[in-house]
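Shown next: target09.pdb, given as PDB, C-alpha atoms and all ligand atoms.
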ATOM      1  CA  MET O  24      -3.182  -2.566  23.630
ATOM      2  CA  HIS O  25      -1.260  -1.183  20.632
ATOM      3  CA  PRO O  26      -2.831   2.050  19.282
ATOM      4  CA  LEU O  27      -3.421   0.341  15.925
ATOM      5  CA  LYS O  28      -5.499  -2.349  17.623
ATOM      6  CA  ILE O  29      -7.525   0.327  19.427
ATOM      7  CA  LEU O  30      -8.062   2.136  16.114
ATOM      8  CA  GLU O  31      -9.074  -1.134  14.442
ATOM      9  CA  SER O  32     -11.703  -1.784  17.109
ATOM     10  CA  GLU O  33     -13.197   1.642  16.251
ATOM     11  CA  VAL O  34     -12.931   1.318  12.473
ATOM     12  CA  VAL O  35     -14.706  -2.061  12.399
ATOM     13  CA  GLN O  36     -17.795  -0.233  13.799
ATOM     14  CA  CYS O  37     -17.747   2.317  10.961
ATOM     15  CA  ARG O  38     -20.989   3.035   9.100
ATOM     16  CA  ARG O  39     -19.936   6.351   7.521
ATOM     17  CA  CYS O  40     -20.737   5.266   3.970
ATOM     18  CA  ALA O  41     -22.911   2.712   2.198
ATOM     19  CA  LEU O  42     -20.039   0.364   1.313
ATOM     20  CA  ARG O  43     -20.301  -1.418   4.655
ATOM     21  CA  GLN O  44     -23.924  -2.444   3.921
ATOM     22  CA  ASN O  45     -22.923  -4.699   1.044
ATOM     23  CA  ALA O  46     -19.612  -5.886   2.444
ATOM     24  CA  HIS O  47     -19.109  -8.840   4.727
ATOM     25  CA  GLY O  48     -16.903  -6.723   7.000
ATOM     26  CA  VAL O  49     -14.175  -4.137   7.399
ATOM     27  CA  VAL O  50     -10.692  -4.981   6.105
ATOM     28  CA  PHE O  51      -8.560  -2.777   8.333
ATOM     29  CA  GLY O  52      -5.075  -3.716   7.128
ATOM     30  CA  GLU O  53      -2.345  -5.906   8.521
ATOM     31  CA  GLY O  54       1.362  -6.113   9.081
ATOM     32  CA  ALA O  55       4.112  -5.476  11.571
ATOM     33  CA  GLU O  56       3.235  -2.557  13.845
ATOM     34  CA  SER O  57       6.859  -1.411  13.798
ATOM     35  CA  SER O  58       6.908  -1.234   9.956
ATOM     36  CA  ARG O  59       8.592   1.782   8.391
ATOM     37  CA  ILE O  60       7.072   0.963   4.986
ATOM     38  CA  VAL O  61       3.401   0.773   3.990
ATOM     39  CA  PHE O  62       1.926  -0.674   0.795
ATOM     40  CA  CYS O  63      -1.377   1.030  -0.026
ATOM     41  CA  GLY O  64      -3.944  -0.460  -2.419
ATOM     42  CA  GLU O  65      -7.450   0.538  -3.494
ATOM     43  CA  GLY O  66      -9.955  -1.523  -1.544
ATOM     44  CA  PRO O  67     -10.792  -5.113  -0.639
ATOM     45  CA  GLY O  68     -11.826  -7.572  -3.343
ATOM     46  CA  ALA O  69     -13.946 -10.706  -2.957
ATOM     47  CA  GLU O  70     -11.327 -12.854  -1.254
ATOM     48  CA  GLU O  71     -10.248 -10.004   1.041
ATOM     49  CA  ASP O  72     -13.893  -9.405   2.014
ATOM     50  CA  ARG O  73     -14.365 -13.112   2.731
ATOM     51  CA  LEU O  74     -11.261 -13.410   4.925
ATOM     52  CA  LEU O  75     -11.242  -9.782   6.194
ATOM     53  CA  ARG O  76      -7.559  -9.513   5.304
ATOM     54  CA  PRO O  77      -5.989  -7.181   2.708
ATOM     55  CA  PHE O  78      -4.365  -8.467  -0.471
ATOM     56  CA  VAL O  79      -5.005 -12.194  -0.104
ATOM     57  CA  GLY O  80      -6.479 -12.873  -3.577
ATOM     58  CA  PRO O  81      -4.511 -13.208  -6.840
ATOM     59  CA  ALA O  82      -3.250  -9.589  -6.744
ATOM     60  CA  GLY O  83      -2.231 -10.121  -3.128
ATOM     61  CA  GLN O  84      -0.207 -13.176  -4.023
ATOM     62  CA  LEU O  85       1.699 -11.116  -6.576
ATOM     63  CA  LEU O  86       2.128  -8.308  -4.035
ATOM     64  CA  ASP O  87       3.620 -10.802  -1.568
ATOM     65  CA  LYS O  88       6.123 -11.861  -4.261
ATOM     66  CA  MET O  89       6.978  -8.233  -5.037
ATOM     67  CA  MET O  90       7.503  -7.490  -1.338
ATOM     68  CA  SER O  91       9.564 -10.616  -0.867
ATOM     69  CA  ALA O  92      11.818  -9.636  -3.804
ATOM     70  CA  MET O  93      12.313  -6.325  -1.973
ATOM     71  CA  GLY O  94      13.140  -7.991   1.356
ATOM     72  CA  PHE O  95       9.787  -7.250   2.981
ATOM     73  CA  ASP O  96       6.975  -9.300   4.390
ATOM     74  CA  ARG O  97       3.892  -8.374   6.323
ATOM     75  CA  GLN O  98       4.713 -10.559   9.315
ATOM     76  CA  ARG O  99       8.079  -8.906   9.874
ATOM     77  CA  ASN O 100       8.678  -5.456   8.433
ATOM     78  CA  ALA O 101       5.839  -4.159   6.221
ATOM     79  CA  TYR O 102       2.224  -3.033   6.605
ATOM     80  CA  VAL O 103      -0.462  -3.543   3.938
ATOM     81  CA  LEU O 104      -3.652  -1.488   3.792
ATOM     82  CA  ASN O 105      -6.178   0.067   1.407
ATOM     83  CA  VAL O 106      -7.692   3.483   0.704
ATOM     84  CA  VAL O 107     -11.171   2.115   1.466
ATOM     85  CA  LYS O 108     -11.687  -0.547   4.083
ATOM     86  CA  CYS O 109     -14.897  -2.121   2.740
ATOM     87  CA  ARG O 110     -15.344  -3.935  -0.559
ATOM     88  CA  PRO O 111     -17.081  -1.891  -3.261
ATOM     89  CA  PRO O 112     -19.869  -3.901  -4.942
ATOM     90  CA  SER O 113     -18.585  -5.951  -7.912
ATOM     91  CA  ASN O 114     -15.114  -4.520  -7.217
ATOM     92  CA  ARG O 115     -15.968  -1.188  -8.798
ATOM     93  CA  VAL O 116     -13.601   1.704  -8.177
ATOM     94  CA  PRO O 117     -14.533   3.421  -4.888
ATOM     95  CA  LEU O 118     -16.435   6.681  -5.420
ATOM     96  CA  PRO O 119     -14.865   9.992  -4.364
ATOM     97  CA  GLU O 120     -17.331  10.309  -1.452
ATOM     98  CA  GLU O 121     -16.502   6.774  -0.274
ATOM     99  CA  ARG O 122     -12.780   7.585  -0.329
ATOM    100  CA  GLU O 123     -13.497  10.795   1.602
ATOM    101  CA  SER O 124     -15.531   8.911   4.215
ATOM    102  CA  CYS O 125     -12.679   6.489   4.711
ATOM    103  CA  ARG O 126      -9.880   9.076   4.618
ATOM    104  CA  PRO O 127      -9.831   9.724   8.392
ATOM    105  CA  HIS O 128      -9.252   6.012   8.974
ATOM    106  CA  LEU O 129      -6.296   5.993   6.589
ATOM    107  CA  ALA O 130      -4.955   9.210   8.120
ATOM    108  CA  SER O 131      -5.177   7.720  11.622
ATOM    109  CA  GLN O 132      -3.406   4.556  10.514
ATOM    110  CA  LEU O 133      -0.573   6.598   9.029
ATOM    111  CA  GLU O 134      -0.391   8.841  12.090
ATOM    112  CA  ILE O 135       0.169   5.785  14.274
ATOM    113  CA  LEU O 136       2.512   3.946  11.912
ATOM    114  CA  ARG O 137       4.432   7.054  10.762
ATOM    115  CA  PRO O 138       6.085   5.127   7.935
ATOM    116  CA  ALA O 139       9.141   6.512   6.168
ATOM    117  CA  ILE O 140       7.808   5.291   2.800
ATOM    118  CA  ILE O 141       4.380   4.587   1.322
ATOM    119  CA  VAL O 142       4.210   2.581  -1.899
ATOM    120  CA  LEU O 143       1.063   3.693  -3.746
ATOM    121  CA  LEU O 144      -0.332   0.774  -5.699
ATOM    122  CA  GLY O 145      -2.429   1.904  -8.669
ATOM    123  CA  SER O 146      -4.654   4.851  -9.546
ATOM    124  CA  THR O 147      -6.927   4.996  -6.519
ATOM    125  CA  ALA O 148      -4.058   5.079  -4.037
ATOM    126  CA  ILE O 149      -2.058   7.457  -6.231
ATOM    127  CA  GLN O 150      -4.971   9.861  -6.720
ATOM    128  CA  SER O 151      -5.807   9.824  -3.015
ATOM    129  CA  PHE O 152      -2.407  11.350  -2.300
ATOM    130  CA  LEU O 153      -1.485  13.207  -5.493
ATOM    131  CA  GLY O 154      -4.909  14.393  -6.681
ATOM    132  CA  PRO O 155      -7.492  13.272  -9.239
ATOM    133  CA  GLU O 156      -5.417  14.213 -12.271
ATOM    134  CA  ALA O 157      -2.506  11.874 -11.480
ATOM    135  CA  ARG O 158      -2.050   9.015 -13.958
ATOM    136  CA  VAL O 159      -0.031   5.977 -12.959
ATOM    137  CA  THR O 160       1.628   5.693 -16.356
ATOM    138  CA  ARG O 161       2.927   9.273 -15.985
ATOM    139  CA  VAL O 162       3.792   9.538 -12.308
ATOM    140  CA  HIS O 163       5.109   6.070 -11.485
ATOM    141  CA  GLY O 164       8.707   5.984 -10.356
ATOM    142  CA  GLN O 165       8.763   9.621  -9.179
ATOM    143  CA  TRP O 166       9.137  10.442  -5.500
ATOM    144  CA  HIS O 167       6.602  12.709  -3.812
ATOM    145  CA  GLN O 168       6.381  13.815  -0.211
ATOM    146  CA  TYR O 169       3.377  13.833   2.101
ATOM    147  CA  GLN O 170       4.056  15.318   5.522
ATOM    148  CA  THR O 171       7.207  13.468   6.621
ATOM    149  CA  MET O 172       6.563  10.468   4.379
ATOM    150  CA  TRP O 173       8.042   9.603   1.005
ATOM    151  CA  LEU O 174       5.548   8.380  -1.571
ATOM    152  CA  MET O 175       6.388   6.102  -4.474
ATOM    153  CA  PRO O 176       3.572   5.674  -7.004
ATOM    154  CA  THR O 177       3.658   2.446  -8.974
ATOM    155  CA  PHE O 178       1.441  -0.077 -10.719
ATOM    156  CA  HIS O 179      -1.226  -2.075  -8.897
ATOM    157  CA  PRO O 180      -0.410  -5.802  -8.857
ATOM    158  CA  ALA O 181      -3.811  -6.521 -10.466
ATOM    159  CA  ALA O 182      -2.745  -4.284 -13.378
ATOM    160  CA  LEU O 183       0.527  -6.216 -13.605
ATOM    161  CA  LEU O 184      -1.415  -9.476 -13.816
ATOM    162  CA  ARG O 185      -3.416  -8.029 -16.737
ATOM    163  CA  ASN O 186      -0.380  -6.412 -18.328
ATOM    164  CA  PRO O 187       2.804  -8.374 -17.507
ATOM    165  CA  ALA O 188       4.885  -6.095 -19.772
ATOM    166  CA  TRP O 189       4.597  -3.428 -17.040
ATOM    167  CA  LYS O 190       6.396  -5.654 -14.519
ATOM    168  CA  VAL O 191       9.814  -4.394 -15.631
ATOM    169  CA  LEU O 192       8.666  -0.808 -15.100
ATOM    170  CA  ALA O 193       7.272  -1.653 -11.671
ATOM    171  CA  TRP O 194      10.532  -3.337 -10.638
ATOM    172  CA  GLU O 195      12.484  -0.182 -11.547
ATOM    173  CA  ASP O 196      10.141   1.763  -9.219
ATOM    174  CA  LEU O 197      10.515  -0.810  -6.454
ATOM    175  CA  LYS O 198      14.318  -0.760  -6.675
ATOM    176  CA  LYS O 199      14.132   2.989  -5.953
ATOM    177  CA  VAL O 200      12.060   2.136  -2.885
ATOM    178  CA  ILE O 201      14.694  -0.338  -1.670
ATOM    179  CA  ASP O 202      17.446   2.265  -2.167
ATOM    180  CA  GLN O 203      15.478   4.914  -0.292
ATOM    181  CA  TYR O 204      14.644   2.480   2.519
ATOM    182  CA  ARG O 205      18.379   1.879   2.890
ATOM    183  CA  VAL O 206      18.935   5.627   3.121
ATOM    184  CA  LEU O 207      16.065   6.387   5.502
ATOM    185  CA  VAL O 208      15.675   3.265   7.611
ATOM    186  CA  ASP O 209      18.306   0.544   7.365
ATOM    187  CA  PRO O 210      21.527   0.789   5.330
ATOM    188  CA  ASN O 211      21.901  -2.987   5.562
ATOM    189  CA  HIS O 212      18.396  -3.883   4.416
ATOM    190  CA  PRO O 213      18.798  -7.072   2.381
ATOM    191  CA  SER O 214      16.946  -7.646  -0.888
ATOM    192  CA  PRO O 215      17.506 -10.900  -2.764
ATOM    193  CA  TYR O 216      17.315  -9.265  -6.220
ATOM    194  CA  HIS O 217      18.751  -5.840  -5.463
ATOM    195  CA  PRO O 218      21.926  -6.324  -3.426
ATOM    196  CA  ILE O 219      23.551  -3.458  -1.586
ATOM    197  CA  SER O 220      25.734  -1.697  -4.107
ATOM    198  CA  ASP O 221      29.350  -0.888  -3.316
ATOM    199  CA  ASP O 222      29.426   1.757  -6.072
ATOM    200  CA  HIS O 223      29.978   4.502  -3.517
ATOM    201  CA  LEU O 224      33.246   2.814  -2.497
ATOM    202  CA  GLY O 225      34.621   3.928  -5.845
TER     203      GLY O 225
HETATM  204  N1  LIG E   1      -6.813  -4.972  -4.473
HETATM  205  C1  LIG E   1      -6.603  -3.957  -3.604
HETATM  206  O1  LIG E   1      -6.429  -2.814  -3.990
HETATM  207  N2  LIG E   1      -6.562  -4.249  -2.313
HETATM  208  C2  LIG E   1      -6.723  -5.470  -1.828
HETATM  209  O2  LIG E   1      -6.676  -5.642  -0.605
HETATM  210  C3  LIG E   1      -6.948  -6.507  -2.761
HETATM  211  C4  LIG E   1      -6.977  -6.237  -4.069
END

How does this structure look as structure tokens?
Ligand code: URA
Amino acid sequence: MHPLKILESEVVQCRRCALRQNAHGVVFGEGAESSRIVFCGEGPGAEEDRLLRPFVGPAGQLLDKMMSAMGFDRQRNAYVLNVVKCRPPSNRVPLPEERESCRPHLASQLEILRPAIIVLLGSTAIQSFLGPEARVTRVHGQWHQYQTMWLMPTFHPAALLRNPAWKVLAWEDLKKVIDQYRVLVDPNHPSPYHPISDDHLG
């Protein structure tokens, strides 16, 4: 069995915090096990909790479009997960102690996947890696490093649905991700809206 599947079978038993009591189940994450890029959100919403799959509601549909514009999809070459694996009641922001309880699960996922790049979607994901003071509007688009991984903070797709004017900013961030993926993982990575540049050929 793949180590991620073994980890999943452990994480679905988790009762470390109270979130599991009100949730239908654990939303572990999903994607290609060989992915070198991870998209990290906040926590499951209603639809995710119903289907026990990450990012399958309205924000998830936008995330799928964003990934597809970048040349990624979760069946083939990307992994999608959340900071907390159980739905917070009424979709409230997960509390610091809930994030802490879930942190070992996230750390284990990343240890197995060892992605080159993590795209941090929105405040909860950003603050989990960069600290509680980080603000998406200030830090988006700037590379950070965590162990061997490159982190790109950007807007959460739910925020983009509420505030479509931010989509242009998010796309600038995501183009940097595509460029870095070409440097770190695959120089020929195709993206329908961000073709490989031949600038360097002079
Ligand atoms: N929002 C998130 O942060 N994660 C999901 O899985 C769905 C919505």

Find the residues near ligand LIG 1 (chain E). Use a cut-off of 12 Å, count all atoms listed in the file, and write them as an MDAnalysis selection string. chainID O and resid 49:53 62:87 102:111 114:117 143:149 178:184

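The set of residues that the PyMOL selection byres (((chain O and resi 157) around 12) and not hetatm) takes from this file is Leu143, Gly145, Ser146, Thr147, Ala148, Ile149, Gln150, Ser151, Phe152, Leu153, Gly154, Pro155, Glu156, Arg158, Val159, Thr160, Arg161, Val162, His163, Gln165, His167, Pro176 and Thr177 of chain O.
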
Closest to Gln36 in chain O among O:Gly48, O:Pro127, O:Pro210, O:Gly94, using all atoms listed in the file?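 Of O:Gly48, O:Pro127, O:Pro210, O:Gly94, the one nearest Gln36 in chain O, counting all atoms listed in the file, is O:Gly48.
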
So which residues touch Trp166 in chain O within 7 Å, counting only C-alpha atoms, skipping near sequence neighbours fewer than 5 positions away, as an NGL selection string? :O and (173-175)

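For Trp194 in chain O, the non-local neighbours within 10 Å, defined as residues at least 6 positions apart in the same chain or in other chains and counting all atoms listed in the file, are Met89, Ala92, Met93, Gly164, Thr177, Phe178 and Val200 of chain O.
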
Report the distance between CA of Arg59 in chain O and CA of Tyr204 in chain O in Å, rounded to one decimal place.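 These two atoms are separated by 8.5 Å.
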
Do you have the CA of Ser214 in chain O-CA of Pro187 in chain O distance handy? 21.8 Å

Between CA of Val191 in chain O and CA of Tyr216 in chain O, measure the distance and give it in Å to one decimal.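 Distance between the two atoms: 13.0 Å.
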
Closest of O:Gln170, O:Ser131, O:Asn100, O:Ser124 to Cys40 in chain O - atom-to-atom distances counting only C-alpha atoms: O:Ser124

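With all atoms listed in the file as the atoms that count, the minimum distance from Cys125 in chain O to the choices O:Val35, O:Leu197, O:Leu192, O:Ile29 is reached by O:Val35.
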
Rank O:Ala101, O:Ala188, O:Leu118, O:Ala193 by their smallest atom-to-atom distance to Ala139 in chain O, using all atoms listed in the file, and report the top residue only.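 Closest to Ala139 in chain O of all the choices is O:Ala101.
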
For Asp202 in chain O, which residue out of O:Gln132, O:Ser220, O:Ser32, O:Asn186 is the nearest one, using all atoms listed in the file?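 So, comparing all the options, the nearest one is O:Ser220.
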
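With only C-alpha atoms taken into account, every residue lying no more than 8 Å from the file point (3.1, 3.8, 7.9) is included here: Ser58, Arg59, Ile60, Val61, Tyr102, Gln132, Leu133, Glu134, Ile135, Leu136, Arg137, Pro138, Ala139, Ile140 and Ile141 of chain O.
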
Exercise: Arg39 in chain O partners within 10 Å, all atoms listed in the file, chain neighbours under 2 positions left out, as a list of chain:residue names: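 Residues meeting the cut-off are O:Val34, O:Gln36, O:Cys37, O:Ala41, O:Leu42, O:Arg43, O:Glu121, O:Glu123, O:Ser124, O:Cys125.
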
If you count only C-alpha atoms, which residues fall within 12 Å of Pro215 in chain O, apart from same-chain ones fewer than 2 positions away, as an NGL selection string? :O and (88-95 or 198 or 201 or 212-213 or 217-219)

Between O:Ala55, O:Ala130, O:Leu27, O:Val142, which one has atoms that come closest to Gln203 in chain O, using all atoms listed in the file?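 Under the stated criterion, the closest residue is O:Val142.
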
Just range 176-206 of chain O, please, as a PDB file, in the first residue's frame (only N, CA and C atoms).
ATOM      1  N   PRO O 176       2.074  32.000  -1.371  1.00  0.00           N
ATOM      2  CA  PRO O 176       0.796  32.414  -0.807  1.00  0.00           C
ATOM      3  C   PRO O 176      -0.052  33.121  -1.867  1.00  0.00           C
ATOM      4  N   THR O 177      -1.316  32.776  -1.903  1.00  0.00           N
ATOM      5  CA  THR O 177      -2.224  33.498  -2.810  1.00  0.00           C
ATOM      6  C   THR O 177      -3.639  33.477  -2.233  1.00  0.00           C
ATOM      7  N   PHE O 178      -4.574  33.991  -3.011  1.00  0.00           N
ATOM      8  CA  PHE O 178      -5.943  34.141  -2.540  1.00  0.00           C
ATOM      9  C   PHE O 178      -6.668  32.794  -2.544  1.00  0.00           C
ATOM     10  N   HIS O 179      -7.580  32.638  -1.592  1.00  0.00           N
ATOM     11  CA  HIS O 179      -8.430  31.441  -1.565  1.00  0.00           C
ATOM     12  C   HIS O 179      -9.488  31.582  -2.670  1.00  0.00           C
ATOM     13  N   PRO O 180      -9.792  30.482  -3.383  1.00  0.00           N
ATOM     14  CA  PRO O 180     -10.805  30.612  -4.435  1.00  0.00           C
ATOM     15  C   PRO O 180     -12.158  31.125  -3.930  1.00  0.00           C
ATOM     16  N   ALA O 181     -12.506  30.834  -2.675  1.00  0.00           N
ATOM     17  CA  ALA O 181     -13.775  31.372  -2.140  1.00  0.00           C
ATOM     18  C   ALA O 181     -13.700  32.901  -2.061  1.00  0.00           C
ATOM     19  N   ALA O 182     -12.526  33.436  -1.740  1.00  0.00           N
ATOM     20  CA  ALA O 182     -12.348  34.891  -1.695  1.00  0.00           C
ATOM     21  C   ALA O 182     -12.451  35.472  -3.105  1.00  0.00           C
ATOM     22  N   LEU O 183     -11.963  34.715  -4.084  1.00  0.00           N
ATOM     23  CA  LEU O 183     -12.037  35.194  -5.477  1.00  0.00           C
ATOM     24  C   LEU O 183     -13.478  35.183  -5.977  1.00  0.00           C
ATOM     25  N   LEU O 184     -14.279  34.256  -5.473  1.00  0.00           N
ATOM     26  CA  LEU O 184     -15.697  34.240  -5.852  1.00  0.00           C
ATOM     27  C   LEU O 184     -16.404  35.467  -5.269  1.00  0.00           C
ATOM     28  N   ARG O 185     -16.002  35.860  -4.051  1.00  0.00           N
ATOM     29  CA  ARG O 185     -16.617  37.036  -3.409  1.00  0.00           C
ATOM     30  C   ARG O 185     -16.075  38.320  -4.013  1.00  0.00           C
ATOM     31  N   ASN O 186     -14.862  38.282  -4.498  1.00  0.00           N
ATOM     32  CA  ASN O 186     -14.142  39.485  -4.904  1.00  0.00           C
ATOM     33  C   ASN O 186     -13.431  39.242  -6.243  1.00  0.00           C
ATOM     34  N   PRO O 187     -14.183  39.166  -7.343  1.00  0.00           N
ATOM     35  CA  PRO O 187     -13.584  38.767  -8.624  1.00  0.00           C
ATOM     36  C   PRO O 187     -12.461  39.699  -9.082  1.00  0.00           C
ATOM     37  N   ALA O 188     -12.418  40.939  -8.564  1.00  0.00           N
ATOM     38  CA  ALA O 188     -11.350  41.858  -8.964  1.00  0.00           C
ATOM     39  C   ALA O 188      -9.973  41.327  -8.564  1.00  0.00           C
ATOM     40  N   TRP O 189      -9.926  40.431  -7.564  1.00  0.00           N
ATOM     41  CA  TRP O 189      -8.641  39.872  -7.125  1.00  0.00           C
ATOM     42  C   TRP O 189      -8.124  38.789  -8.062  1.00  0.00           C
ATOM     43  N   LYS O 190      -8.983  38.342  -9.009  1.00  0.00           N
ATOM     44  CA  LYS O 190      -8.553  37.229  -9.872  1.00  0.00           C
ATOM     45  C   LYS O 190      -7.298  37.580 -10.664  1.00  0.00           C
ATOM     46  N   VAL O 191      -7.186  38.826 -11.111  1.00  0.00           N
ATOM     47  CA  VAL O 191      -5.987  39.199 -11.883  1.00  0.00           C
ATOM     48  C   VAL O 191      -4.735  39.117 -11.021  1.00  0.00           C
ATOM     49  N   LEU O 192      -4.889  39.486  -9.738  1.00  0.00           N
ATOM     50  CA  LEU O 192      -3.736  39.391  -8.825  1.00  0.00           C
ATOM     51  C   LEU O 192      -3.360  37.927  -8.607  1.00  0.00           C
ATOM     52  N   ALA O 193      -4.394  37.098  -8.414  1.00  0.00           N
ATOM     53  CA  ALA O 193      -4.128  35.670  -8.176  1.00  0.00           C
ATOM     54  C   ALA O 193      -3.431  35.054  -9.387  1.00  0.00           C
ATOM     55  N   TRP O 194      -3.855  35.420 -10.583  1.00  0.00           N
ATOM     56  CA  TRP O 194      -3.250  34.834 -11.790  1.00  0.00           C
ATOM     57  C   TRP O 194      -1.779  35.223 -11.912  1.00  0.00           C
ATOM     58  N   GLU O 195      -1.426  36.438 -11.502  1.00  0.00           N
ATOM     59  CA  GLU O 195      -0.006  36.829 -11.493  1.00  0.00           C
ATOM     60  C   GLU O 195       0.779  35.906 -10.556  1.00  0.00           C
ATOM     61  N   ASP O 196       0.193  35.596  -9.389  1.00  0.00           N
ATOM     62  CA  ASP O 196       0.861  34.690  -8.433  1.00  0.00           C
ATOM     63  C   ASP O 196       1.013  33.306  -9.061  1.00  0.00           C
ATOM     64  N   LEU O 197      -0.056  32.845  -9.706  1.00  0.00           N
ATOM     65  CA  LEU O 197      -0.051  31.479 -10.238  1.00  0.00           C
ATOM     66  C   LEU O 197       0.906  31.346 -11.425  1.00  0.00           C
ATOM     67  N   LYS O 198       1.083  32.413 -12.179  1.00  0.00           N
ATOM     68  CA  LYS O 198       2.078  32.365 -13.270  1.00  0.00           C
ATOM     69  C   LYS O 198       3.487  32.173 -12.697  1.00  0.00           C
ATOM     70  N   LYS O 199       3.749  32.788 -11.529  1.00  0.00           N
ATOM     71  CA  LYS O 199       5.060  32.583 -10.887  1.00  0.00           C
ATOM     72  C   LYS O 199       5.230  31.112 -10.498  1.00  0.00           C
ATOM     73  N   VAL O 200       4.120  30.505 -10.074  1.00  0.00           N
ATOM     74  CA  VAL O 200       4.166  29.086  -9.700  1.00  0.00           C
ATOM     75  C   VAL O 200       4.507  28.233 -10.929  1.00  0.00           C
ATOM     76  N   ILE O 201       3.869  28.539 -12.049  1.00  0.00           N
ATOM     77  CA  ILE O 201       4.141  27.769 -13.279  1.00  0.00           C
ATOM     78  C   ILE O 201       5.628  27.915 -13.649  1.00  0.00           C
ATOM     79  N   ASP O 202       6.127  29.142 -13.605  1.00  0.00           N
ATOM     80  CA  ASP O 202       7.542  29.374 -13.950  1.00  0.00           C
ATOM     81  C   ASP O 202       8.468  28.578 -13.035  1.00  0.00           C
ATOM     82  N   GLN O 203       8.165  28.609 -11.741  1.00  0.00           N
ATOM     83  CA  GLN O 203       9.021  27.908 -10.777  1.00  0.00           C
ATOM     84  C   GLN O 203       8.910  26.388 -10.944  1.00  0.00           C
ATOM     85  N   TYR O 204       7.729  25.919 -11.279  1.00  0.00           N
ATOM     86  CA  TYR O 204       7.544  24.476 -11.528  1.00  0.00           C
ATOM     87  C   TYR O 204       8.402  24.057 -12.718  1.00  0.00           C
ATOM     88  N   ARG O 205       8.471  24.943 -13.710  1.00  0.00           N
ATOM     89  CA  ARG O 205       9.319  24.624 -14.886  1.00  0.00           C
ATOM     90  C   ARG O 205      10.793  24.601 -14.506  1.00  0.00           C
ATOM     91  N   VAL O 206      11.171  25.445 -13.556  1.00  0.00           N
ATOM     92  CA  VAL O 206      12.571  25.439 -13.105  1.00  0.00           C
ATOM     93  C   VAL O 206      12.858  24.203 -12.255  1.00  0.00           C
TER      94      VAL O 206
END
